[in-house]
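File shown: query-v4.tsv. Contents: TSV, C-alpha atoms and all ligand atoms.
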chain	number	residue	atom	x	y	z
A	1	MET	CA	-15.19	-73.88	215.24
A	2	LYS	CA	-17.60	-74.14	212.32
A	3	ARG	CA	-18.43	-77.63	210.99
A	4	ILE	CA	-18.15	-77.66	207.17
A	5	ALA	CA	-19.83	-80.27	204.93
A	6	ILE	CA	-18.81	-80.35	201.26
A	7	LEU	CA	-20.91	-81.76	198.40
A	8	ILE	CA	-19.19	-83.02	195.25
A	9	SER	CA	-20.03	-84.90	192.08
A	10	GLY	CA	-16.63	-85.55	190.58
A	11	GLY	CA	-12.88	-85.29	191.18
A	12	GLY	CA	-13.27	-82.85	194.04
A	13	SER	CA	-10.36	-80.51	193.30
A	14	ASN	CA	-12.30	-77.65	194.90
A	15	MET	CA	-13.11	-79.87	197.88
A	16	LEU	CA	-9.40	-80.62	198.25
A	17	ALA	CA	-8.51	-76.94	198.15
A	18	LEU	CA	-11.09	-76.22	200.84
A	19	VAL	CA	-10.00	-79.12	203.06
A	20	ARG	CA	-6.31	-78.19	202.75
A	21	SER	CA	-7.11	-74.61	203.75
A	22	MET	CA	-8.91	-75.57	206.99
A	23	THR	CA	-5.91	-75.75	209.32
A	24	GLY	CA	-4.39	-73.65	212.10
A	25	ASP	CA	-6.44	-70.59	213.01
A	26	HIS	CA	-8.99	-71.19	210.22
A	27	PRO	CA	-12.44	-71.01	211.87
A	28	GLY	CA	-13.75	-74.07	209.97
A	29	ARG	CA	-13.05	-77.80	209.84
A	30	PRO	CA	-14.37	-80.38	207.34
A	31	VAL	CA	-16.79	-82.90	208.88
A	32	LEU	CA	-18.23	-84.61	205.79
A	33	VAL	CA	-17.72	-84.99	202.05
A	34	ALA	CA	-20.88	-86.26	200.33
A	35	SER	CA	-21.65	-87.03	196.72
A	36	ASN	CA	-24.57	-87.95	194.45
A	37	ASP	CA	-22.17	-90.34	192.69
A	38	PRO	CA	-20.68	-93.28	194.62
A	39	ALA	CA	-17.87	-93.39	192.03
A	40	ALA	CA	-16.88	-89.74	192.47
A	41	GLY	CA	-13.09	-89.59	192.66
A	42	GLY	CA	-13.26	-86.97	195.38
A	43	LEU	CA	-14.71	-89.51	197.84
A	44	ALA	CA	-11.50	-91.57	197.85
A	45	ARG	CA	-9.44	-88.38	198.17
A	46	ALA	CA	-11.52	-87.32	201.19
A	47	THR	CA	-11.19	-90.75	202.78
A	48	ALA	CA	-7.41	-90.60	202.28
A	49	LEU	CA	-7.48	-87.36	204.29
A	50	GLY	CA	-9.46	-89.01	207.09
A	51	ILE	CA	-12.71	-87.18	206.37
A	52	ALA	CA	-16.07	-88.98	206.72
A	53	THR	CA	-17.83	-89.49	203.40
A	54	ALA	CA	-21.31	-90.40	202.18
A	55	ALA	CA	-22.67	-91.22	198.74
A	56	VAL	CA	-26.27	-91.38	197.57
A	57	ASP	CA	-26.63	-92.46	193.96
A	58	HIS	CA	-29.32	-90.20	192.50
A	59	HIS	CA	-29.91	-92.68	189.64
A	60	VAL	CA	-31.50	-95.08	192.16
A	61	PHE	CA	-34.30	-92.54	192.72
A	62	HIS	CA	-35.30	-92.34	189.03
A	63	GLY	CA	-36.16	-88.63	189.09
A	64	ASP	CA	-37.67	-88.65	192.58
A	65	ARG	CA	-35.70	-85.57	193.58
A	66	ALA	CA	-37.33	-85.31	197.00
A	67	GLY	CA	-36.52	-88.96	197.76
A	68	PHE	CA	-32.91	-88.51	196.75
A	69	GLU	CA	-32.57	-85.37	198.85
A	70	ALA	CA	-34.19	-86.96	201.90
A	71	GLU	CA	-31.54	-89.71	201.83
A	72	LEU	CA	-28.73	-87.22	201.25
A	73	LEU	CA	-30.06	-84.97	203.99
A	74	ALA	CA	-30.00	-87.83	206.53
A	75	HIS	CA	-26.24	-88.18	205.99
A	76	ILE	CA	-25.68	-84.42	206.04
A	77	GLU	CA	-27.74	-83.80	209.20
A	78	ALA	CA	-25.88	-86.62	210.98
A	79	ALA	CA	-22.67	-84.60	210.51
A	80	ARG	CA	-24.30	-81.55	212.13
A	81	PRO	CA	-22.78	-79.03	209.65
A	82	ASP	CA	-22.86	-75.28	210.29
A	83	ILE	CA	-22.03	-74.51	206.64
A	84	LEU	CA	-22.58	-76.45	203.41
A	85	CYS	CA	-20.17	-75.96	200.48
A	86	LEU	CA	-21.23	-77.14	197.02
A	87	ALA	CA	-18.02	-77.85	195.12
A	88	GLY	CA	-18.49	-79.23	191.64
A	89	PHE	CA	-21.87	-80.55	192.77
A	90	MET	CA	-23.90	-81.10	189.62
A	91	ARG	CA	-27.44	-81.68	190.94
A	92	ILE	CA	-30.06	-78.92	191.15
A	93	LEU	CA	-31.44	-78.78	194.68
A	94	THR	CA	-35.13	-78.26	195.46
A	95	PRO	CA	-36.26	-75.03	197.16
A	96	GLN	CA	-37.12	-77.15	200.23
A	97	PHE	CA	-33.54	-78.39	200.54
A	98	VAL	CA	-32.14	-74.90	199.93
A	99	ALA	CA	-34.50	-73.39	202.52
A	100	ARG	CA	-33.03	-75.72	205.16
A	101	PHE	CA	-29.58	-74.22	204.65
A	102	GLU	CA	-30.54	-70.70	203.57
A	103	GLY	CA	-27.81	-68.26	204.56
A	104	ARG	CA	-25.24	-71.00	205.23
A	105	MET	CA	-24.83	-72.77	201.87
A	106	LEU	CA	-22.19	-71.68	199.33
A	107	ASN	CA	-21.48	-72.65	195.75
A	108	ILE	CA	-18.71	-71.98	193.29
A	109	HIS	CA	-19.68	-71.34	189.70
A	110	PRO	CA	-17.15	-71.11	186.83
A	111	SER	CA	-18.24	-67.73	185.40
A	112	LEU	CA	-18.41	-64.09	186.44
A	113	LEU	CA	-22.06	-64.18	187.54
A	114	PRO	CA	-24.54	-62.82	186.70
A	115	LYS	CA	-23.07	-63.66	183.30
A	116	TYR	CA	-23.45	-67.29	182.14
A	117	PRO	CA	-25.48	-69.08	184.82
A	118	GLY	CA	-25.91	-72.78	184.00
A	119	LEU	CA	-23.56	-74.94	181.96
A	120	ARG	CA	-20.86	-74.55	179.23
A	121	THR	CA	-19.78	-71.25	180.76
A	122	HIS	CA	-16.31	-71.12	179.18
A	123	GLN	CA	-17.51	-71.93	175.65
A	124	ARG	CA	-20.19	-69.23	175.97
A	125	ALA	CA	-17.69	-66.59	177.12
A	126	ILE	CA	-15.36	-67.40	174.22
A	127	GLU	CA	-18.21	-67.40	171.70
A	128	ALA	CA	-19.39	-64.03	173.04
A	129	GLY	CA	-15.92	-62.60	172.37
A	130	ASP	CA	-15.36	-61.74	176.04
A	131	HIS	CA	-11.81	-60.70	177.03
A	132	GLU	CA	-12.09	-61.96	180.58
A	133	ALA	CA	-13.71	-64.83	182.43
A	134	GLY	CA	-13.54	-66.16	185.96
A	135	CYS	CA	-15.43	-67.74	188.84
A	136	THR	CA	-17.90	-66.72	191.49
A	137	VAL	CA	-18.65	-67.93	195.01
A	138	HIS	CA	-22.21	-67.13	195.99
A	139	GLU	CA	-24.78	-68.00	198.63
A	140	VAL	CA	-27.18	-70.62	197.32
A	141	THR	CA	-30.82	-69.60	196.99
A	142	ALA	CA	-33.70	-71.25	195.15
A	143	GLU	CA	-32.70	-69.33	191.99
A	144	LEU	CA	-30.07	-71.40	190.13
A	145	ASP	CA	-26.65	-69.67	190.34
A	146	GLY	CA	-28.49	-66.59	191.54
A	147	GLY	CA	-27.73	-65.93	195.22
A	148	PRO	CA	-25.76	-63.04	196.79
A	149	ILE	CA	-22.20	-62.93	195.44
A	150	LEU	CA	-19.51	-63.41	198.12
A	151	GLY	CA	-16.44	-63.31	195.88
A	152	GLN	CA	-15.12	-63.37	192.35
A	153	ALA	CA	-11.79	-64.01	190.62
A	154	ARG	CA	-11.03	-62.86	187.07
A	155	VAL	CA	-8.72	-64.27	184.39
A	156	PRO	CA	-7.93	-63.04	180.87
A	157	ILE	CA	-9.33	-64.91	177.87
A	158	LEU	CA	-6.39	-65.32	175.50
A	159	PRO	CA	-6.76	-65.40	171.70
A	160	ALA	CA	-5.66	-69.03	171.47
A	161	ASP	CA	-8.00	-70.20	174.24
A	162	ASP	CA	-10.52	-72.96	173.83
A	163	ALA	CA	-12.98	-74.08	176.54
A	164	GLY	CA	-10.39	-76.50	177.93
A	165	THR	CA	-7.53	-74.04	178.32
A	166	LEU	CA	-9.84	-71.41	179.77
A	167	ALA	CA	-11.42	-73.92	182.18
A	168	ALA	CA	-7.96	-74.84	183.47
A	169	ARG	CA	-7.06	-71.18	184.04
A	170	VAL	CA	-10.36	-70.52	185.85
A	171	LEU	CA	-10.06	-73.68	187.94
A	172	GLU	CA	-6.73	-72.43	189.32
A	173	GLN	CA	-8.52	-69.32	190.55
A	174	GLU	CA	-11.40	-71.35	191.95
A	175	HIS	CA	-8.86	-73.08	194.19
A	176	ARG	CA	-7.71	-69.67	195.49
A	177	LEU	CA	-11.10	-67.97	195.72
A	178	TYR	CA	-13.24	-70.62	197.42
A	179	PRO	CA	-10.88	-71.15	200.43
A	180	ALA	CA	-10.52	-67.38	200.85
A	181	VAL	CA	-14.27	-66.80	200.77
A	182	LEU	CA	-15.05	-69.77	203.06
A	183	ARG	CA	-12.53	-68.55	205.66
A	184	ARG	CA	-14.14	-65.12	205.67
A	185	PHE	CA	-17.68	-66.53	205.67
A	186	ALA	CA	-16.93	-68.97	208.52
A	187	ALA	CA	-15.53	-66.04	210.54
A	188	GLY	CA	-18.81	-64.20	210.02
A	189	GLY	CA	-17.63	-61.91	207.23
A	190	ARG	CA	-19.94	-61.05	204.35
A	191	ILE	CA	-17.81	-58.38	202.63
A	192	ARG	CA	-17.39	-59.39	199.00
A	193	LEU	CA	-13.91	-60.57	197.98
A	194	ASP	CA	-12.49	-59.79	194.56
A	195	LEU	CA	-9.32	-61.55	193.44
A	196	THR	CA	-7.84	-60.68	190.08
A	197	SER	CA	-5.04	-62.87	188.84
A	198	LYS	CA	-2.11	-61.04	187.28
A	199	PRO	CA	-2.60	-61.11	183.50
A	200	ALA	CA	-0.62	-63.95	182.00
A	201	PHE	CA	0.96	-61.59	179.43
A	301	LIG	C1	-15.20	-77.59	187.56
A	301	LIG	O1	-15.61	-77.41	186.22
A	301	LIG	C2	-15.41	-76.32	188.33
A	301	LIG	O2	-15.31	-75.21	187.47
A	301	LIG	C3	-16.80	-76.43	188.85
A	301	LIG	O3	-17.04	-77.82	189.05
A	301	LIG	C4	-16.17	-78.58	188.17
A	301	LIG	C5	-15.47	-79.71	188.87
A	301	LIG	O4	-14.86	-79.20	190.02
A	301	LIG	N1	-16.92	-75.69	190.08
A	301	LIG	P1	-14.08	-80.18	191.07
A	301	LIG	O5	-12.72	-80.45	190.48
A	301	LIG	O6	-14.89	-81.46	191.19
A	301	LIG	O7	-14.02	-79.38	192.32
Show me this structure written as structure tokens.
Ligand code: GRF
Amino acid sequence: MKRIAILISGGGSNMLALVRSMTGDHPGRPVLVASNDPAAGGLARATALGIATAAVDHHVFHGDRAGFEAELLAHIEAARPDILCLAGFMRILTPQFVARFEGRMLNIHPSLLPKYPGLRTHQRAIEAGDHEAGCTVHEVTAELDGGPILGQARVPILPADDAGTLAARVLEQEHRLYPAVLRRFAAGGRIRLDLTSKPAF
């Protein structure tokens, strides 16, 4: 049974999807939900599900990224995770932190990487006139949003879409893709998964 720690910064809808998927013959179980924001809504949701939580407020470290990570790492290491899942985690991690979990740290990004690494992914896809968007689960390496792709899900961009409507459509697919990729990854699979939602029209 693989021990899964999940890092969040906000509401934790992806964390919830992952936690809800880890039942029955799933090879993983959640052991910790940690956040850089003590007020992250996902922490209360994790507690309600009986999962241990930890919060380290990065503001307290005033830009001392290494100090923040050392504190966060103490909580993570105490949970003895086999795999780390970043799920709506909005802090950039140092190469030192990443190196510690190289090959066993995943992230979900709301674009079809390698397109649109970084922020405002939906607005950028709309402004570029793209006809499809989506999300990517990848292994985390020192290169931001750059590691080996483990899975993608695609959605259509509709003429009336704005960033909000597109984000909602992509988020639905994130909640399908991440659990499917984690299950495969925890079982030792590395074959890339591609989910394409049926076009809405
Ligand atoms: C969402 O924008 C999602 O696309 C990205 O992180 C944000 C918050 O996700 N992965 P969550 O609801 O906190 O999981």
- Distance query segment 181-193 of chain A at most 10 Å, all atoms listed in the file, self and fewer than 4 positions along chain excluded, as JSON, numbers by chain: {"A": [1, 2, 3, 4, 18, 21, 22, 25, 26, 27, 28, 29, 82, 83, 85, 104, 106, 136, 137, 138, 148, 149, 150, 151, 152, 153, 176, 177]}
- Quick one: of A:Val31, A:Ile126, A:Ala52, A:Val19, who's nearest to ligand LIG 301 (chain A), counting all atoms listed in the file?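 With all atoms listed in the file as the atom set, the closest residue is A:Val19.
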- Message: Neighbouring residues of ligand LIG 301 (chain A) are defined here as those with any atom at most 8 Å from a ligand atom, counting all atoms listed in the file; list them as a list in words.
- Response: Ile8, Ser9, Gly10, Gly11, Gly12, Ser13, Asn14, Met15, Leu16, Gly42, Ala87, Gly88, Phe89, Met90, Asn107, Ile108, His109, Pro110, Cys135, Ala167, Val170, Leu171 and Glu174 of chain A
- Item | Atomic separation - atom CA of Ile92 of chain A relative to atom CA of Thr196 of chain A, Å | 28.8 Å
- Item | Residues within 8 Å of Glu69 of chain A, only C-alpha atoms, excluding chain neighbours under 3 positions, as a PyMOL selection string | chain A and resi 65-66+72-73+93+97
- Message: Please compute the atom CA of His122 of chain A-atom CA of Glu139 of chain A distance, one decimal, in Å.
- Response: 21.4 Å
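A straight line drawn from atom CA of Gln173 of chain A to atom CA of Arg120 of chain A is 17.5 Å long.
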- Item | Nearest-residue call for Ala74 of chain A, choices A:Ala55, A:Pro114, A:Gln96, A:Pro30, using all atoms listed in the file | A:Ala55
To test the calculation: enclose all listed atoms of segment 14-18 of chain A in a box whose edges run along x, y and z, add 6 Å on each side, then state centre and edge lengths in Å to one decimal, as lines of an AutoDock Vina configuration file.
center_x = -10.8
center_y = -78.4
center_z = 197.9
size_x = 16.6
size_y = 16.4
size_z = 17.9
- Query: Neighbours of Ile157 of chain A within 9 Å (all atoms listed in the file; same-chain residues fewer than 3 positions away dropped), as number ranges by chain?
  - Reply: A: 125-126, 129-133, 160-161, 166
